[in-house]
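Peer 1: my_file-v6.tsv is reproduced in full below (TSV, C-alpha atoms).
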```
chain	number	residue	atom	x	y	z
A	20	MET	CA	0.00	0.00	0.00
A	21	SER	CA	1.26	3.45	-0.89
A	22	ARG	CA	2.02	5.81	2.01
A	23	ILE	CA	0.73	8.80	0.06
A	24	GLY	CA	-2.20	6.88	-1.40
A	25	LYS	CA	-3.73	5.80	1.90
A	26	LEU	CA	-4.13	9.40	3.17
A	27	PRO	CA	-7.75	10.57	2.86
A	28	ILE	CA	-8.48	13.81	0.99
A	29	SER	CA	-10.78	16.16	2.89
A	30	ILE	CA	-13.31	18.04	0.78
A	31	PRO	CA	-13.53	21.73	1.77
A	32	ALA	CA	-16.79	23.67	1.89
A	33	GLY	CA	-18.04	24.78	-1.53
A	34	VAL	CA	-16.36	21.89	-3.37
A	35	THR	CA	-18.24	18.91	-4.81
A	36	VAL	CA	-16.60	15.66	-5.88
A	37	THR	CA	-18.43	13.18	-8.11
A	38	LEU	CA	-17.39	9.81	-9.53
A	39	LYS	CA	-18.83	8.38	-12.75
A	40	ASP	CA	-17.32	5.65	-14.95
A	41	ASP	CA	-13.80	5.88	-13.44
A	42	VAL	CA	-13.73	9.68	-13.93
A	43	VAL	CA	-13.47	11.90	-10.85
A	44	THR	CA	-14.95	15.38	-11.37
A	45	VAL	CA	-14.24	18.19	-8.91
A	46	LYS	CA	-16.21	21.47	-8.97
A	47	GLY	CA	-15.43	24.51	-6.86
A	48	PRO	CA	-15.38	28.30	-6.82
A	49	LYS	CA	-12.22	28.50	-8.98
A	50	GLY	CA	-13.34	26.07	-11.70
A	51	GLU	CA	-14.07	22.48	-12.65
A	52	MET	CA	-11.61	19.66	-13.35
A	53	SER	CA	-11.87	15.97	-14.30
A	54	GLN	CA	-9.41	13.11	-14.03
A	55	TYR	CA	-9.61	9.50	-15.26
A	56	VAL	CA	-8.68	6.96	-12.57
A	57	ASN	CA	-7.39	3.51	-13.55
A	58	PRO	CA	-9.77	0.67	-12.56
A	59	ALA	CA	-6.96	-0.81	-10.44
A	60	ILE	CA	-7.81	1.94	-7.90
A	61	ASN	CA	-11.16	2.15	-6.09
A	62	VAL	CA	-12.41	5.67	-5.31
A	63	THR	CA	-14.98	6.20	-2.56
A	64	ILE	CA	-16.54	9.47	-1.43
A	65	GLU	CA	-17.78	9.37	2.17
A	66	ASP	CA	-18.22	11.75	5.14
A	67	GLY	CA	-16.60	14.73	3.39
A	68	HIS	CA	-13.51	12.70	2.41
A	69	VAL	CA	-12.26	11.04	-0.76
A	70	VAL	CA	-10.54	7.72	-0.09
A	71	LEU	CA	-8.53	5.82	-2.68
A	72	ALA	CA	-7.71	2.12	-2.22
A	73	GLU	CA	-6.11	-0.55	-4.34
A	74	ASN	CA	-8.52	-2.91	-6.11
A	75	GLU	CA	-7.41	-6.40	-5.11
A	76	ASN	CA	-9.27	-8.02	-8.04
A	77	ALA	CA	-7.61	-5.89	-10.74
A	78	MET	CA	-4.91	-7.67	-12.70
A	79	LEU	CA	-2.01	-5.66	-14.10
A	80	ASP	CA	1.09	-6.78	-15.97
A	81	ASN	CA	3.35	-5.47	-13.22
A	82	PRO	CA	2.20	-5.96	-9.59
A	83	LYS	CA	4.14	-2.88	-8.44
A	84	GLN	CA	2.17	-0.75	-10.90
A	85	LYS	CA	-0.87	-0.84	-8.60
A	86	HIS	CA	1.14	0.75	-5.75
A	87	ALA	CA	2.40	3.45	-8.10
A	88	PHE	CA	-1.11	4.19	-9.37
A	89	HIS	CA	-2.36	4.44	-5.78
A	90	GLY	CA	-0.05	7.33	-4.89
A	91	LEU	CA	-0.31	8.95	-8.32
A	92	TYR	CA	-4.09	9.19	-8.45
A	93	ARG	CA	-4.33	10.31	-4.84
A	94	SER	CA	-1.94	13.19	-5.61
A	95	LEU	CA	-3.81	14.11	-8.79
A	96	VAL	CA	-7.20	14.19	-7.05
A	97	HIS	CA	-5.74	16.16	-4.11
A	98	ASN	CA	-4.22	18.72	-6.51
A	99	MET	CA	-7.62	19.09	-8.19
A	100	VAL	CA	-9.39	19.67	-4.86
A	101	VAL	CA	-6.82	22.28	-3.78
A	102	GLY	CA	-6.88	23.88	-7.25
A	103	VAL	CA	-10.64	24.44	-7.44
A	104	SER	CA	-10.84	25.67	-3.84
A	105	GLU	CA	-7.68	27.80	-3.40
A	106	GLY	CA	-5.94	27.82	-6.80
A	107	TYR	CA	-2.25	27.84	-7.61
A	108	LYS	CA	0.00	30.83	-8.18
A	109	LYS	CA	3.51	31.12	-9.65
A	110	GLU	CA	5.64	34.25	-9.93
A	111	LEU	CA	8.42	34.51	-12.50
A	112	GLU	CA	11.09	37.20	-12.36
A	113	LEU	CA	12.99	38.53	-15.40
A	114	VAL	CA	16.60	39.26	-14.45
A	115	GLY	CA	18.67	41.05	-17.08
A	116	VAL	CA	19.22	44.48	-18.60
A	117	GLY	CA	16.36	45.35	-20.93
A	118	TYR	CA	14.30	42.23	-20.16
A	119	ARG	CA	10.61	43.17	-20.24
A	120	ALA	CA	7.21	41.49	-20.31
A	121	SER	CA	3.76	42.89	-21.00
A	122	ASN	CA	0.38	41.28	-21.53
A	123	GLN	CA	-2.72	42.01	-23.57
A	124	GLY	CA	-5.35	39.68	-22.13
A	125	ASN	CA	-3.84	36.18	-22.28
A	126	ILE	CA	-1.06	37.05	-24.76
A	127	ILE	CA	2.32	37.83	-23.20
A	128	GLU	CA	5.00	39.74	-25.12
A	129	PHE	CA	8.62	39.28	-24.04
A	130	ALA	CA	11.70	41.38	-24.82
A	131	LEU	CA	14.58	39.11	-23.75
A	132	GLY	CA	17.61	40.43	-25.61
A	133	TYR	CA	16.85	38.70	-28.90
A	134	THR	CA	16.43	40.60	-32.18
A	135	HIS	CA	12.67	39.98	-32.06
A	136	PRO	CA	9.95	39.99	-29.42
A	137	ILE	CA	8.52	36.66	-28.28
A	138	PHE	CA	4.76	36.19	-27.99
A	139	ILE	CA	3.02	33.37	-26.12
A	140	GLN	CA	-0.74	32.69	-26.10
A	141	LEU	CA	-1.90	31.26	-22.77
A	142	PRO	CA	-4.91	28.96	-22.37
A	143	LYS	CA	-8.09	30.50	-20.97
A	144	GLU	CA	-7.69	28.55	-17.69
A	145	VAL	CA	-4.60	30.63	-16.80
A	146	LYS	CA	-4.82	34.22	-15.59
A	147	VAL	CA	-1.75	36.39	-16.12
A	148	GLU	CA	-0.58	39.70	-14.71
A	149	THR	CA	2.67	41.52	-15.43
A	150	LYS	CA	4.31	44.09	-13.16
A	151	SER	CA	7.09	46.49	-14.10
A	152	GLU	CA	8.18	48.83	-11.33
A	153	ARG	CA	11.10	51.22	-11.36
A	154	ASN	CA	14.36	49.72	-9.97
A	155	GLN	CA	12.68	46.29	-9.71
A	156	ASN	CA	12.91	43.26	-11.96
A	157	PRO	CA	9.77	42.72	-14.08
A	158	LEU	CA	7.39	40.11	-12.66
A	159	ILE	CA	4.96	37.72	-14.34
A	160	ILE	CA	2.22	36.39	-12.04
A	161	LEU	CA	0.38	33.29	-13.30
A	162	GLU	CA	-2.71	31.84	-11.58
A	163	SER	CA	-4.71	28.71	-12.39
A	164	CYS	CA	-6.67	25.87	-10.80
A	165	ASP	CA	-4.68	23.29	-12.82
A	166	LYS	CA	-1.29	22.68	-11.20
A	167	ALA	CA	0.10	20.59	-14.07
A	168	LEU	CA	-0.88	23.15	-16.73
A	169	LEU	CA	0.61	25.99	-14.67
A	170	GLY	CA	3.92	24.13	-14.29
A	171	LEU	CA	4.01	23.36	-18.02
A	172	ILE	CA	3.50	27.03	-18.92
A	173	CYS	CA	6.16	28.17	-16.42
A	174	ALA	CA	8.62	25.66	-17.91
A	175	LYS	CA	7.85	26.95	-21.43
A	176	ILE	CA	8.37	30.59	-20.38
A	177	ARG	CA	11.64	29.72	-18.60
A	178	SER	CA	12.89	27.96	-21.74
A	179	PHE	CA	12.99	31.32	-23.56
A	180	ARG	CA	15.92	32.42	-21.32
A	181	MET	CA	17.11	29.78	-18.86
A	182	PRO	CA	18.93	31.20	-15.81
A	183	GLU	CA	22.68	31.08	-16.38
A	184	PRO	CA	25.26	30.74	-13.58
A	185	TYR	CA	27.88	33.30	-14.71
A	186	LYS	CA	25.91	36.55	-14.70
A	187	GLY	CA	22.72	35.27	-13.03
A	188	LYS	CA	20.53	36.47	-15.92
A	189	GLY	CA	17.40	34.76	-17.17
A	190	ILE	CA	13.83	33.98	-16.18
A	191	LEU	CA	13.62	32.53	-12.69
A	192	PHE	CA	11.00	31.80	-10.08
A	193	GLN	CA	10.45	34.48	-7.44
A	194	GLY	CA	12.92	33.80	-4.61
A	195	GLU	CA	14.94	31.21	-6.57
A	196	VAL	CA	18.69	31.38	-5.90
A	197	ILE	CA	21.06	30.61	-8.76
A	198	ARG	CA	24.42	29.08	-7.80
A	199	ARG	CA	26.95	31.44	-9.31
A	200	LYS	CA	30.19	30.34	-10.98
A	201	SER	CA	33.33	32.38	-11.39
A	202	GLY	CA	34.49	32.94	-14.94
A	203	LYS	CA	37.81	32.33	-16.72
A	204	THR	CA	39.73	34.92	-14.68
A	205	ALA	CA	39.33	32.90	-11.47
A	206	ALA	CA	40.49	29.69	-13.19
A	207	ALA	CA	43.73	31.28	-14.45
A	208	LYS	CA	45.08	32.06	-10.98
```
I need this file expressed as structure tokens, please.
Peer 2:
Amino acid sequence: MSRIGKLPISIPAGVTVTLKDDVVTVKGPKGEMSQYVNPAINVTIEDGHVVLAENENAMLDNPKQKHAFHGLYRSLVHNMVVGVSEGYKKELELVGVGYRASNQGNIIEFALGYTHPIFIQLPKEVKVETKSERNQNPLIILESCDKALLGLICAKIRSFRMPEPYKGKGILFQGEVIRRKSGKTAAAK
């Protein structure tokens, strides 16, 4: 039995969880999400809690796969419950001279030191806000109820200018510390 999988998920007020044909649907104030659950895992909704357990009758090619599914689907359902009730938020910081970001609705325009601006169209599930204050690095604030989608978008934005260890420039998460390296001059001594 999975240590993560056996933990019950409490359902907060204002959130409804339904199960139909191996699909768990979670509705809340921030949105609605659905997730398919493998038949090797039994999902029960009781007393304001969602409980996932391994189905002893299910046959899989690999017996360890059932344990892996148990923890995986518990985490996915928990992330959905937290997402529709509280939501997820990520802040990206642009570090570098002349690095800028601005948004028009869900389209973000980046100026990252290339010869051309970079545009990215975000899905409607993600809300974006950009901040540019004097003597501060520009910030991009992304909010969504879908944790996986938010992480995917942050990874895509970071790929435009990955943080580099010599000058510390790039797109990094708010509060992230980059391990700095000394350049060639330190190696020559």
Peer 1: Choose the residue, out of A:Val45, A:Val100, A:Leu113, A:Ile60, that has the smallest atom-to-atom separation from Asn156 of chain A; count all atoms listed in the file.
Peer 2: A:Leu113
Peer 1: Residues of segment 71-117 of chain A that have any atom at most 7 Å from an atom of segment 165-175 of chain A: could you tabulate them with the shortest-distance atom pair and the distance in Å to one decimal, using all atoms listed in the file, ordered by chain and increasing number, as a Markdown table?
Peer 2:
```
| residue | atom | partner | partner_atom | distance |
| --- | --- | --- | --- | --- |
| A:Asn98 | CA | A:Lys166 | CA | 6.8 |
| A:Met99 | CA | A:Asp165 | CA | 6.9 |
| A:Gly102 | CA | A:Asp165 | CA | 6.0 |
| A:Tyr107 | CA | A:Lys166 | CA | 6.4 |
```
Peer 1: Using only C-alpha atoms, which of A:Pro182, A:Gly117, A:Pro27, A:Pro58 sits nearest Asp40 of chain A?
Peer 2: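 Among A:Pro182, A:Gly117, A:Pro27, A:Pro58, it is A:Pro58 that comes nearest to Asp40 of chain A.
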Peer 1: Would you kindly return, as a ChimeraX atom specification, each protein, DNA or RNA residue with an atom no farther than 9 Å from any atom of segment 192-204 of chain A, considering only C-alpha atoms and excluding same-chain residues fewer than 2 positions away?
Peer 2: /A:109-113,158,173,177,182-187,190,206-208
Peer 1: Determine, counting all atoms listed in the file, which protein, DNA and RNA residues have an atom within 10 Å of an atom of Phe129 of chain A; residues of the same chain fewer than 3 positions away are not included. Present the result as a list in words.
Peer 2: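 Those residues are Leu113, Tyr118, Arg119, Ala120, Ser121, Asn122, Ile126, Gly132, Tyr133, His135, Pro136, Ile137, Phe138, Ile139, Ile176 and Phe179 of chain A.
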Peer 1: I'd like the contact shell of Ala32 of chain A - 10 Å cut-off, all atoms listed in the file, skipping same-chain residues fewer than 4 positions apart - returned as a CSV table (one decimal) with C-alpha atoms, in the frame of the given file.
Peer 2:
```csv
chain,number,residue,atom,x,y,z
A,47,GLY,CA,-15.4,24.5,-6.9
A,48,PRO,CA,-15.4,28.3,-6.8
A,67,GLY,CA,-16.6,14.7,3.4
A,104,SER,CA,-10.8,25.7,-3.8
```
Peer 1: Rounded to one decimal, what separation in Å do you get between atom CA of Leu95 of chain A and atom CA of Lys146 of chain A?
Peer 2: 21.3 Å
Peer 1: Which of these, A:Gly106, A:Gly50, A:Gly33, A:Gly115, has the shortest distance to Arg180 of chain A once you count all atoms listed in the file?
Peer 2: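 So, comparing all the options, the nearest one is A:Gly115.
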Peer 1: Out of A:Leu141, A:Val34, A:Ser21, A:Ser53, which residue has the shortest atom-to-atom distance to Lys85 of chain A when counting all atoms listed in the file?
Peer 2: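 Among the listed residues, the smallest separation from Lys85 of chain A belongs to A:Ser21.
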Peer 1: Could you check which residues have any atom within 12 Å of (-3.4, 10.1, -13.5), counting only C-alpha atoms with coordinates taken straight from the file, and then list them as a list in words?
Peer 2: Asp41, Val42, Val43, Ser53, Gln54, Tyr55, Val56, Asn57, Pro58, Ala59, Ile60, Ala87, Phe88, His89, Gly90, Leu91, Tyr92, Arg93, Ser94, Leu95, Val96, His97, Asn98, Met99 and Ala167 of chain A
Peer 1: Return the single residue from A:Val70, A:Ile28, A:Ile23, A:Ala130 that is closest to His86 of chain A, with distances computed using all atoms listed in the file.
Peer 2: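 Residue with the minimum atom-to-atom distance to His86 of chain A: A:Ile23.
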Peer 1: Please report the interatomic distance between atom CA of Gln140 of chain A and atom CA of Val103 of chain A in Å with one decimal.
Peer 2: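 These two atoms are separated by 22.7 Å.
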Peer 1: List as a PyMOL selection string the protein and nucleic acid residues near Gln123 of chain A, meaning an atom at most 10 Å away when all atoms listed in the file are counted, but skip any in the same chain fewer than 4 places from it.
Peer 2: chain A and resi 127-128+140+147-149
Peer 1: Export C-alpha atoms of the chosen residues as a PDB file, in the frame of the given file?
Peer 2:
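Full text of selection07.pdb as output:
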```
ATOM      1  CA  ILE A 127       2.320  37.830 -23.200  1.00  0.00           C
ATOM      2  CA  GLU A 128       5.000  39.740 -25.120  1.00  0.00           C
ATOM      3  CA  GLN A 140      -0.740  32.690 -26.100  1.00  0.00           C
ATOM      4  CA  VAL A 147      -1.750  36.390 -16.120  1.00  0.00           C
ATOM      5  CA  GLU A 148      -0.580  39.700 -14.710  1.00  0.00           C
ATOM      6  CA  THR A 149       2.670  41.520 -15.430  1.00  0.00           C
TER       7      THR A 149
END
```
Peer 1: Could you model N, CA, C and O atoms for segment 149-166 of chain A and present them as a PDB file, in the frame of the given file?
Peer 2:
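Produced file result-v8.pdb, reproduced below:
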```
ATOM      1  N   THR A 149       1.269  41.127 -15.370  1.00  0.00           N
ATOM      2  CA  THR A 149       2.670  41.520 -15.430  1.00  0.00           C
ATOM      3  C   THR A 149       2.855  42.799 -14.644  1.00  0.00           C
ATOM      4  O   THR A 149       1.993  43.676 -14.658  1.00  0.00           O
ATOM      5  N   LYS A 150       3.989  42.898 -13.947  1.00  0.00           N
ATOM      6  CA  LYS A 150       4.310  44.090 -13.160  1.00  0.00           C
ATOM      7  C   LYS A 150       5.693  44.579 -13.553  1.00  0.00           C
ATOM      8  O   LYS A 150       6.639  43.795 -13.605  1.00  0.00           O
ATOM      9  N   SER A 151       5.792  45.868 -13.824  1.00  0.00           N
ATOM     10  CA  SER A 151       7.090  46.490 -14.100  1.00  0.00           C
ATOM     11  C   SER A 151       7.185  47.749 -13.253  1.00  0.00           C
ATOM     12  O   SER A 151       6.508  48.736 -13.524  1.00  0.00           O
ATOM     13  N   GLU A 152       7.988  47.687 -12.206  1.00  0.00           N
ATOM     14  CA  GLU A 152       8.180  48.830 -11.330  1.00  0.00           C
ATOM     15  C   GLU A 152       9.614  49.331 -11.474  1.00  0.00           C
ATOM     16  O   GLU A 152      10.522  48.566 -11.788  1.00  0.00           O
ATOM     17  N   ARG A 153       9.792  50.594 -11.236  1.00  0.00           N
ATOM     18  CA  ARG A 153      11.100  51.220 -11.360  1.00  0.00           C
ATOM     19  C   ARG A 153      12.077  50.596 -10.346  1.00  0.00           C
ATOM     20  O   ARG A 153      11.740  50.391  -9.195  1.00  0.00           O
ATOM     21  N   ASN A 154      13.294  50.319 -10.782  1.00  0.00           N
ATOM     22  CA  ASN A 154      14.360  49.720  -9.970  1.00  0.00           C
ATOM     23  C   ASN A 154      13.987  48.336  -9.425  1.00  0.00           C
ATOM     24  O   ASN A 154      14.532  47.902  -8.419  1.00  0.00           O
ATOM     25  N   GLN A 155      13.064  47.658 -10.063  1.00  0.00           N
ATOM     26  CA  GLN A 155      12.680  46.290  -9.710  1.00  0.00           C
ATOM     27  C   GLN A 155      12.698  45.443 -10.978  1.00  0.00           C
ATOM     28  O   GLN A 155      12.454  45.953 -12.067  1.00  0.00           O
ATOM     29  N   ASN A 156      12.982  44.161 -10.819  1.00  0.00           N
ATOM     30  CA  ASN A 156      12.910  43.260 -11.960  1.00  0.00           C
ATOM     31  C   ASN A 156      11.449  43.062 -12.355  1.00  0.00           C
ATOM     32  O   ASN A 156      10.579  42.983 -11.485  1.00  0.00           O
ATOM     33  N   PRO A 157      11.157  42.972 -13.657  1.00  0.00           N
ATOM     34  CA  PRO A 157       9.770  42.720 -14.080  1.00  0.00           C
ATOM     35  C   PRO A 157       9.274  41.365 -13.562  1.00  0.00           C
ATOM     36  O   PRO A 157      10.026  40.396 -13.479  1.00  0.00           O
ATOM     37  N   LEU A 158       7.998  41.317 -13.195  1.00  0.00           N
ATOM     38  CA  LEU A 158       7.390  40.110 -12.660  1.00  0.00           C
ATOM     39  C   LEU A 158       6.256  39.641 -13.567  1.00  0.00           C
ATOM     40  O   LEU A 158       5.539  40.465 -14.134  1.00  0.00           O
ATOM     41  N   ILE A 159       6.094  38.325 -13.662  1.00  0.00           N
ATOM     42  CA  ILE A 159       4.960  37.720 -14.340  1.00  0.00           C
ATOM     43  C   ILE A 159       4.263  36.860 -13.297  1.00  0.00           C
ATOM     44  O   ILE A 159       4.877  35.961 -12.718  1.00  0.00           O
ATOM     45  N   ILE A 160       2.985  37.129 -13.029  1.00  0.00           N
ATOM     46  CA  ILE A 160       2.220  36.390 -12.040  1.00  0.00           C
ATOM     47  C   ILE A 160       1.187  35.553 -12.778  1.00  0.00           C
ATOM     48  O   ILE A 160       0.341  36.085 -13.485  1.00  0.00           O
ATOM     49  N   LEU A 161       1.281  34.227 -12.630  1.00  0.00           N
ATOM     50  CA  LEU A 161       0.380  33.290 -13.300  1.00  0.00           C
ATOM     51  C   LEU A 161      -0.483  32.600 -12.250  1.00  0.00           C
ATOM     52  O   LEU A 161       0.035  32.142 -11.226  1.00  0.00           O
ATOM     53  N   GLU A 162      -1.793  32.511 -12.497  1.00  0.00           N
ATOM     54  CA  GLU A 162      -2.710  31.840 -11.580  1.00  0.00           C
ATOM     55  C   GLU A 162      -3.591  30.881 -12.363  1.00  0.00           C
ATOM     56  O   GLU A 162      -4.022  31.195 -13.473  1.00  0.00           O
ATOM     57  N   SER A 163      -3.856  29.704 -11.756  1.00  0.00           N
ATOM     58  CA  SER A 163      -4.710  28.710 -12.390  1.00  0.00           C
ATOM     59  C   SER A 163      -5.184  27.716 -11.347  1.00  0.00           C
ATOM     60  O   SER A 163      -4.608  27.622 -10.259  1.00  0.00           O
ATOM     61  N   CYS A 164      -6.226  26.951 -11.691  1.00  0.00           N
ATOM     62  CA  CYS A 164      -6.670  25.870 -10.800  1.00  0.00           C
ATOM     63  C   CYS A 164      -5.986  24.559 -11.172  1.00  0.00           C
ATOM     64  O   CYS A 164      -6.012  23.608 -10.406  1.00  0.00           O
ATOM     65  N   ASP A 165      -5.346  24.500 -12.337  1.00  0.00           N
ATOM     66  CA  ASP A 165      -4.680  23.290 -12.820  1.00  0.00           C
ATOM     67  C   ASP A 165      -3.180  23.387 -12.567  1.00  0.00           C
ATOM     68  O   ASP A 165      -2.472  24.144 -13.232  1.00  0.00           O
ATOM     69  N   LYS A 166      -2.699  22.620 -11.597  1.00  0.00           N
ATOM     70  CA  LYS A 166      -1.290  22.680 -11.200  1.00  0.00           C
ATOM     71  C   LYS A 166      -0.363  22.208 -12.314  1.00  0.00           C
ATOM     72  O   LYS A 166       0.684  22.806 -12.562  1.00  0.00           O
TER      73      LYS A 166
END
```
